[in-house]
Amino acid sequence: MNTDRIRSLFLDFFQKRGHKVLPSAPLIRQDDPSLMFTNAGMNPFKGCFLGESPAPAPRVVNTQKCLRVSGKHNDLEEVGHDGYHHTMFEMLGNWSFGDFGPQEAISWAWSFLSKTLDIDPDRLYATYFEGHDKLLPDAETQKIWEEWLPKEHILPGKKKDNFWEMGELGPCGPSTEIHIDLRSSSERKKKSAVHWINQDHPQVIELWNLVFIQFDKQSENKFHPLAQRFVDTGMGMDRLGMVIQGCPSTYETDIFQEPFRLLESKVGYTYHEATKEQSIAFRVLCDHARALIFALAEGGRPSNVGTGYVLRRLLRRAVRYAYSFLNIQEPFLHTLVSPFSKSYANAFPEINPERSSIQTLLKEEESTFLHTLSKGLKRCEKLFEGKTAPWTLSGAESFELYDTYGFPLDLVEVVAKEKGFSVDTQGFQKYLQEQKNRSRQARAKTSGKWTPVKDGDSDFVGYEKLSSSARILKYREIFPYKKSEDDRKILFQVILDKTPFYPQGGGQVGDQGILQTDDKSENIEVLDTQRENDLIIHTLSKLPKDLTQSFQALVNEKRRKIIQAHHTATHLLQAILRDLLGSHVSQKGSQVHEKALRFDFSHPHRLSEEQIVEIEKRVQQKIQEDLPININYMGIEEAHKRGALAFFAEKYGEEVRVVSIGGNFSEELCGGTHVSSTGQIGPFFIKKTESIAAGIQRITAYGSLIAQNYLSETAHRQKRIAHIFKAREDQLEERCIAWQKDYTALKKEVKRLRKQQNQQA
């Protein structure tokens, strides 16, 4: 039974039991500042558990793309060293939002595993929460399992394994884990699996985790029962595939078969013929390739910051293993795009349209790093020069190799060992920890707990108006940055019952403005507006004196109008680029603010000067036509049928907002703010074009007052330069060329005369 079939059985099983099937949320998080990547199936429903957003349905089922390479959930260093850890994986899950409870969740899980998939019940074990301090044992779950399993297969579990907490405070509850014993019959007779549960045995593994969210943790030992209870379950698709397909590891399921065959063909031996180090490299290379493919398909790009830094680190780790242990010294990762795209064509069709651009990007990034790797090895040789064993490479030197050349400590140790040298690993760790501390302080942003002021829901009115009356529902302190212990600025965030402030999203920056008391005695600056889960959060410079009074929420109108002009211009750009360059053009990111607009798109070549002029001309033409902008709300399926473009990294609900320009000239799914007709964009000017990655181009442009001011300043500057050259403006280019020729000729003459003078001397 292949992975596609197993996945379909899971979704169908729960759909027949009243669950709504939802698509996977994006891998790269856009709406949760606490996460870079979706690392658990529950991430998209975090707002539902916190009471900040409505549940999509009482019962939900899906398969969620997850990536665990940073933060609390970080499996990166484990990947490759065993047969079941992965960076990117699918999490099969079903949820209850105040609907069913432990009885149904456990009985359905048992039915799916033992009946639908026909797994031997005698190989299954379950754990339940044994209790901790003031938290009582989960006797309810224990009793339910006694209906299905013998008592010796039901085990108490400690808090670290069987009690789930969303964070230091907030929703939490006991969990039950379903484990499976995959050992041979003879091994099972020798020793019971109860001794191997949660002991990292490669053949006694956790299969499914069912969490019963029942409490609100308010302090270390203070737990209040939730008014509404939830069920959150998660089961790794790779592990389930390994069980059903009878494979010794997750890396030998159907998903990895073709990538492994390609790799075997490259190195000249099979996975099972490989040494221990080589087999680890097989797993690292194919796992990391899959993770990168999914992230790049959503518009992620390797870089030196944020998610891009994590993706680059992932790619470089794969290349290092291939280089060091498989002797692959040219780009190879890009060849794995096609087999993975084929394997996931049904479940995640978004990969296939991006296949070519992903291949190009991976190949270029690999080539660049292989060059860096070569330079790093030369640096090693220089450090080793003149040294004789025994000799130790210092922590500072090994950290330089890591930080500058991307060498991990294990690779530095391998290279040193070949010469009979050792490495000061403790010194390395000291430098690494110092770097982490600096990085953590640079991005430190901590926030306090929300303090309620008034009950009620929050309503966004910013599409229709730029001001409204408002009251504060709740507030909290935040510490946005910390340069030192003495430099810690405190700001405040509030949620309003009604707000015209647009929160950052879809490439558009958040609104700024003021919160004004009705008597105008206080004007409090709104520094930024963000979305966290489904809440619109306003960052204030200070708190008002009286939190309970009524306010006027006033958006900075001039700034907003420039921003929305820029946003509409990006829609014009995408439509014109697709018409001029081809339908392969798709948005890969954008940034829309009051200073400029930036639009990234897929295209294999840099734009020529003629293309730039033509794009600018066409945008200006559409502005002159003063095309109307229409906003319509419809089901996502209807929007797709109409051909509306979507940026895949965004998360869309069942009902979407479609922004249309001039009828069907441009149609995009978009939640941002826009002008009412293209004529309101005003002047438009392309400031710069550049290639930012393989197959990815960027346009930076100005519209509205920004373009007007820039063109005016440029015209005045041109007049001044013309005056310096004593030429008319229409002669300026010709005069500059002539001056450059004269200058070059004079330089040559000076050089000749100096040479002559030296000869005479």
# chains A, B, ... in the order shown; residues from 1 in each chain; ligands from 1
>>> select_by_dssp(residues="region 400-546 of chain A", states="helix (DSSP H, G or I)", output="PyMOL selection string")
chain A and resi 400-405+409-418+425-443
>>> closest_atom_pairs(of="region 662-745 of chain A", to="region 590-614 of chain A", cutoff="12 Å", atoms="only C-alpha atoms", output="Markdown table")
| residue | atom | partner | partner_atom | distance |
| --- | --- | --- | --- | --- |
| A:Gly672 | CA | A:Val592 | CA | 9.9 |
| A:Thr673 | CA | A:Val592 | CA | 10.6 |
| A:His674 | CA | A:Val592 | CA | 11.2 |
| A:Phe684 | CA | A:Ala596 | CA | 10.6 |
| A:Phe685 | CA | A:Val613 | CA | 9.8 |
| A:Ile686 | CA | A:Ile612 | CA | 7.6 |
| A:Lys687 | CA | A:Ala596 | CA | 9.2 |
| A:Lys688 | CA | A:Ile612 | CA | 9.3 |
| A:Thr689 | CA | A:Leu607 | CA | 7.2 |
| A:Glu690 | CA | A:Arg606 | CA | 6.7 |
| A:Ser691 | CA | A:Arg606 | CA | 6.0 |
| A:Ile692 | CA | A:Asp600 | CA | 8.5 |
| A:Ala693 | CA | A:Ser602 | CA | 9.6 |
| A:Ala694 | CA | A:Pro604 | CA | 7.1 |
| A:Gly695 | CA | A:Pro604 | CA | 4.2 |
| A:Ile696 | CA | A:Ser602 | CA | 4.7 |
| A:Gln697 | CA | A:Phe601 | CA | 5.5 |
| A:Arg698 | CA | A:Asp600 | CA | 4.4 |
| A:Ile699 | CA | A:Phe599 | CA | 5.2 |
| A:Thr700 | CA | A:Arg598 | CA | 4.5 |
| A:Ala701 | CA | A:Leu597 | CA | 5.4 |
| A:Tyr702 | CA | A:Ala596 | CA | 5.1 |
| A:Gly703 | CA | A:Ala596 | CA | 7.3 |
| A:Ser704 | CA | A:Glu594 | CA | 9.5 |
| A:Leu705 | CA | A:Glu594 | CA | 9.4 |
| A:Ile706 | CA | A:Lys595 | CA | 6.7 |
| A:Ala707 | CA | A:Ala596 | CA | 8.7 |
| A:Asn709 | CA | A:Lys595 | CA | 11.1 |
| A:Tyr710 | CA | A:Lys595 | CA | 10.8 |
>>> write_last_selection(atoms="N, CA, C and O atoms", output="short mmCIF file (atom, residue, chain, number, x, y, z; two decimals), in the first residue's frame")
data_model
loop_
_atom_site.label_atom_id
_atom_site.label_comp_id
_atom_site.auth_asym_id
_atom_site.auth_seq_id
_atom_site.Cartn_x
_atom_site.Cartn_y
_atom_site.Cartn_z
N GLY A 672 -5.18 42.83 1.00
CA GLY A 672 -4.63 44.15 1.23
C GLY A 672 -5.56 45.28 0.82
O GLY A 672 -6.65 45.08 0.30
N THR A 673 -5.10 46.51 1.07
CA THR A 673 -5.90 47.69 0.72
C THR A 673 -5.44 48.22 -0.64
O THR A 673 -4.27 48.10 -1.00
N HIS A 674 -6.38 48.83 -1.37
CA HIS A 674 -6.10 49.27 -2.74
C HIS A 674 -6.79 50.60 -3.03
O HIS A 674 -7.76 50.98 -2.33
N PHE A 684 4.36 56.55 -12.11
CA PHE A 684 4.97 55.25 -11.81
C PHE A 684 6.35 55.21 -12.45
O PHE A 684 6.52 55.59 -13.61
N PHE A 685 7.33 54.73 -11.68
CA PHE A 685 8.70 54.74 -12.16
C PHE A 685 9.44 53.53 -11.62
O PHE A 685 9.40 53.26 -10.41
N ILE A 686 10.11 52.75 -12.50
CA ILE A 686 10.92 51.61 -12.07
C ILE A 686 12.30 52.12 -11.69
O ILE A 686 13.04 52.64 -12.54
N LYS A 687 12.65 52.00 -10.42
CA LYS A 687 13.92 52.51 -9.91
C LYS A 687 15.06 51.54 -10.16
O LYS A 687 16.17 51.92 -10.51
N LYS A 688 14.79 50.23 -9.98
CA LYS A 688 15.88 49.26 -10.09
C LYS A 688 15.32 47.89 -10.40
O LYS A 688 14.24 47.53 -9.96
N THR A 689 16.08 47.11 -11.17
CA THR A 689 15.78 45.69 -11.36
C THR A 689 17.05 44.91 -11.04
O THR A 689 18.16 45.38 -11.27
N GLU A 690 16.87 43.72 -10.50
CA GLU A 690 18.04 42.91 -10.15
C GLU A 690 17.63 41.44 -10.06
O GLU A 690 16.46 41.10 -9.90
N SER A 691 18.62 40.57 -10.18
CA SER A 691 18.41 39.14 -9.98
C SER A 691 18.83 38.82 -8.56
O SER A 691 19.98 39.06 -8.18
N ILE A 692 17.91 38.33 -7.74
CA ILE A 692 18.22 38.11 -6.32
C ILE A 692 18.55 36.65 -6.01
O ILE A 692 19.05 36.34 -4.94
N ALA A 693 18.23 35.75 -6.94
CA ALA A 693 18.55 34.33 -6.78
C ALA A 693 18.36 33.69 -8.15
O ALA A 693 17.86 34.32 -9.08
N ALA A 694 18.77 32.45 -8.26
CA ALA A 694 18.61 31.76 -9.54
C ALA A 694 17.13 31.70 -9.91
O ALA A 694 16.32 31.17 -9.15
N GLY A 695 16.79 32.27 -11.05
CA GLY A 695 15.41 32.22 -11.52
C GLY A 695 14.47 33.16 -10.82
O GLY A 695 13.25 33.09 -11.04
N ILE A 696 14.99 34.08 -9.99
CA ILE A 696 14.14 35.03 -9.27
C ILE A 696 14.63 36.44 -9.55
O ILE A 696 15.78 36.77 -9.29
N GLN A 697 13.72 37.28 -10.07
CA GLN A 697 14.05 38.68 -10.37
C GLN A 697 13.29 39.60 -9.41
O GLN A 697 12.25 39.21 -8.87
N ARG A 698 13.81 40.80 -9.25
CA ARG A 698 13.17 41.78 -8.36
C ARG A 698 13.05 43.12 -9.06
O ARG A 698 14.00 43.58 -9.70
N ILE A 699 11.88 43.72 -8.93
CA ILE A 699 11.65 45.08 -9.40
C ILE A 699 11.38 45.96 -8.19
O ILE A 699 10.54 45.64 -7.35
N THR A 700 12.11 47.07 -8.10
CA THR A 700 11.83 48.08 -7.09
C THR A 700 11.31 49.31 -7.83
O THR A 700 11.93 49.76 -8.80
N ALA A 701 10.18 49.82 -7.40
CA ALA A 701 9.55 50.92 -8.15
C ALA A 701 8.90 51.92 -7.20
O ALA A 701 8.70 51.63 -6.01
N TYR A 702 8.58 53.08 -7.74
CA TYR A 702 7.91 54.14 -7.00
C TYR A 702 6.58 54.45 -7.68
O TYR A 702 6.47 54.42 -8.90
N GLY A 703 5.61 54.79 -6.87
CA GLY A 703 4.33 55.27 -7.39
C GLY A 703 3.87 56.46 -6.57
O GLY A 703 4.53 56.86 -5.60
N SER A 704 2.75 57.06 -6.96
CA SER A 704 2.11 58.12 -6.20
C SER A 704 3.07 59.29 -5.93
O SER A 704 3.87 59.66 -6.78
N LEU A 705 3.00 59.87 -4.73
CA LEU A 705 3.82 61.03 -4.38
C LEU A 705 5.32 60.72 -4.39
O LEU A 705 6.14 61.59 -4.66
N ILE A 706 5.67 59.46 -4.09
CA ILE A 706 7.08 59.08 -4.06
C ILE A 706 7.69 59.17 -5.46
O ILE A 706 8.76 59.73 -5.65
N ALA A 707 6.95 58.67 -6.46
CA ALA A 707 7.42 58.77 -7.84
C ALA A 707 7.46 60.22 -8.29
O ALA A 707 8.40 60.66 -8.96
N ASN A 709 7.83 62.95 -6.46
CA ASN A 709 8.96 63.65 -5.84
C ASN A 709 10.30 63.22 -6.44
O ASN A 709 11.18 64.04 -6.67
N TYR A 710 10.43 61.91 -6.70
CA TYR A 710 11.68 61.41 -7.26
C TYR A 710 11.91 61.98 -8.67
O TYR A 710 13.03 62.43 -8.99
#
>>> residues_around(residues="region 572-580 of chain A", least_positions_apart="4", cutoff="7 Å", atoms="only C-alpha atoms", output="PyMOL selection string")
chain A and resi 568+585+615+619+666
>>> atom_distance(atom1="CA of Met91 (chain A)", atom2="CA of Asp216 (chain A)")
25.1 Å
>>> atom_distance(atom1="CA of Thr233 (chain A)", atom2="CA of Trp110 (chain A)")
12.8 Å
>>> residues_around(residues="region 310-316 of chain A", least_positions_apart="5", cutoff="9 Å", atoms="only C-alpha atoms", output="list of chain:residue names")
A:Val69, A:Ser70, A:Leu76, A:Leu285, A:His288, A:Ala289, A:Ala291, A:Leu292, A:Ala295, A:Leu296, A:Gly300, A:Arg301, A:Pro302, A:Ser303, A:Asn304, A:Val305, A:Tyr321, A:Leu333, A:Leu362, A:Glu365, A:Glu366, A:Phe369, A:Leu370, A:Gly406, A:Phe407
>>> write_last_selection(atoms="N, CA and C atoms", output="mmCIF file, in the first residue's frame")
data_model
loop_
_atom_site.group_PDB
_atom_site.id
_atom_site.type_symbol
_atom_site.label_atom_id
_atom_site.label_comp_id
_atom_site.auth_asym_id
_atom_site.auth_seq_id
_atom_site.Cartn_x
_atom_site.Cartn_y
_atom_site.Cartn_z
ATOM 1 N N VAL A 69 13.445 22.415 12.362
ATOM 2 C CA VAL A 69 14.871 22.707 12.188
ATOM 3 C C VAL A 69 15.340 23.860 13.068
ATOM 4 N N SER A 70 14.467 24.390 13.903
ATOM 5 C CA SER A 70 14.871 25.516 14.749
ATOM 6 C C SER A 70 13.953 25.589 15.953
ATOM 7 N N LEU A 76 17.063 18.674 13.655
ATOM 8 C CA LEU A 76 18.090 18.738 12.615
ATOM 9 C C LEU A 76 19.283 17.829 12.898
ATOM 10 N N LEU A 285 20.974 13.673 2.790
ATOM 11 C CA LEU A 285 20.812 14.298 1.478
ATOM 12 C C LEU A 285 19.358 14.268 1.022
ATOM 13 N N HIS A 288 16.931 16.357 3.493
ATOM 14 C CA HIS A 288 17.086 17.798 3.354
ATOM 15 C C HIS A 288 16.586 18.277 1.996
ATOM 16 N N ALA A 289 16.785 17.455 0.965
ATOM 17 C CA ALA A 289 16.273 17.822 -0.367
ATOM 18 C C ALA A 289 14.754 17.970 -0.322
ATOM 19 N N ALA A 291 12.815 18.643 2.270
ATOM 20 C CA ALA A 291 12.452 19.832 3.049
ATOM 21 C C ALA A 291 12.636 21.100 2.227
ATOM 22 N N LEU A 292 13.766 21.200 1.549
ATOM 23 C CA LEU A 292 14.046 22.391 0.739
ATOM 24 C C LEU A 292 13.046 22.543 -0.393
ATOM 25 N N ALA A 295 9.787 23.959 0.963
ATOM 26 C CA ALA A 295 9.922 25.361 1.383
ATOM 27 C C ALA A 295 10.092 26.289 0.186
ATOM 28 N N LEU A 296 10.896 25.881 -0.793
ATOM 29 C CA LEU A 296 11.121 26.724 -1.967
ATOM 30 C C LEU A 296 9.865 26.829 -2.828
ATOM 31 N N GLY A 300 10.054 30.361 -0.312
ATOM 32 C CA GLY A 300 11.208 30.512 0.557
ATOM 33 C C GLY A 300 12.485 30.591 -0.261
ATOM 34 N N ARG A 301 13.463 31.335 0.224
ATOM 35 C CA ARG A 301 14.730 31.486 -0.491
ATOM 36 C C ARG A 301 15.895 31.449 0.494
ATOM 37 N N PRO A 302 16.961 30.676 0.198
ATOM 38 C CA PRO A 302 18.143 30.690 1.067
ATOM 39 C C PRO A 302 18.736 32.090 1.153
ATOM 40 N N SER A 303 19.071 32.519 2.366
ATOM 41 C CA SER A 303 19.661 33.848 2.558
ATOM 42 C C SER A 303 20.415 33.831 3.878
ATOM 43 N N ASN A 304 20.766 35.005 4.366
ATOM 44 C CA ASN A 304 21.531 35.088 5.616
ATOM 45 C C ASN A 304 20.693 35.507 6.814
ATOM 46 N N VAL A 305 19.380 35.624 6.643
ATOM 47 C CA VAL A 305 18.524 36.056 7.753
ATOM 48 C C VAL A 305 17.245 35.226 7.809
ATOM 49 N N TYR A 321 27.626 16.763 3.686
ATOM 50 C CA TYR A 321 27.588 15.306 3.824
ATOM 51 C C TYR A 321 27.876 14.630 2.487
ATOM 52 N N LEU A 333 21.661 18.028 -5.481
ATOM 53 C CA LEU A 333 20.334 18.137 -4.857
ATOM 54 C C LEU A 333 19.226 18.419 -5.868
ATOM 55 N N LEU A 362 18.359 25.609 -6.503
ATOM 56 C CA LEU A 362 19.187 24.659 -5.765
ATOM 57 C C LEU A 362 20.557 24.493 -6.414
ATOM 58 N N GLU A 365 22.723 27.590 -5.726
ATOM 59 C CA GLU A 365 23.114 27.673 -4.320
ATOM 60 C C GLU A 365 24.158 26.601 -3.982
ATOM 61 N N GLU A 366 23.973 25.393 -4.529
ATOM 62 C CA GLU A 366 24.953 24.326 -4.321
ATOM 63 C C GLU A 366 26.312 24.706 -4.902
ATOM 64 N N PHE A 369 28.135 27.206 -2.727
ATOM 65 C CA PHE A 369 28.658 26.659 -1.480
ATOM 66 C C PHE A 369 29.824 25.701 -1.725
ATOM 67 N N LEU A 370 29.772 24.935 -2.815
ATOM 68 C CA LEU A 370 30.885 24.032 -3.120
ATOM 69 C C LEU A 370 32.175 24.822 -3.311
ATOM 70 N N GLY A 406 31.247 27.791 6.751
ATOM 71 C CA GLY A 406 30.127 26.863 6.859
ATOM 72 C C GLY A 406 30.509 25.456 7.258
ATOM 73 N N PHE A 407 31.709 25.268 7.844
ATOM 74 C CA PHE A 407 32.145 23.938 8.272
ATOM 75 C C PHE A 407 31.521 23.616 9.632
#
>>> select_by_dssp(residues="region 202-341 of chain A", states="strand (DSSP E)", output="VMD selection string")
chain A and resid 204 to 219 222 to 236
>>> atom_distance(atom1="CA of Glu668 (chain A)", atom2="CA of Ala646 (chain A)")
6.0 Å
>>> closest_residue(among="A:Gly236, A:Pro259, A:Gly420, A:Gly157", to="Ala40 (chain A)", atoms="only C-alpha atoms")
A:Gly236
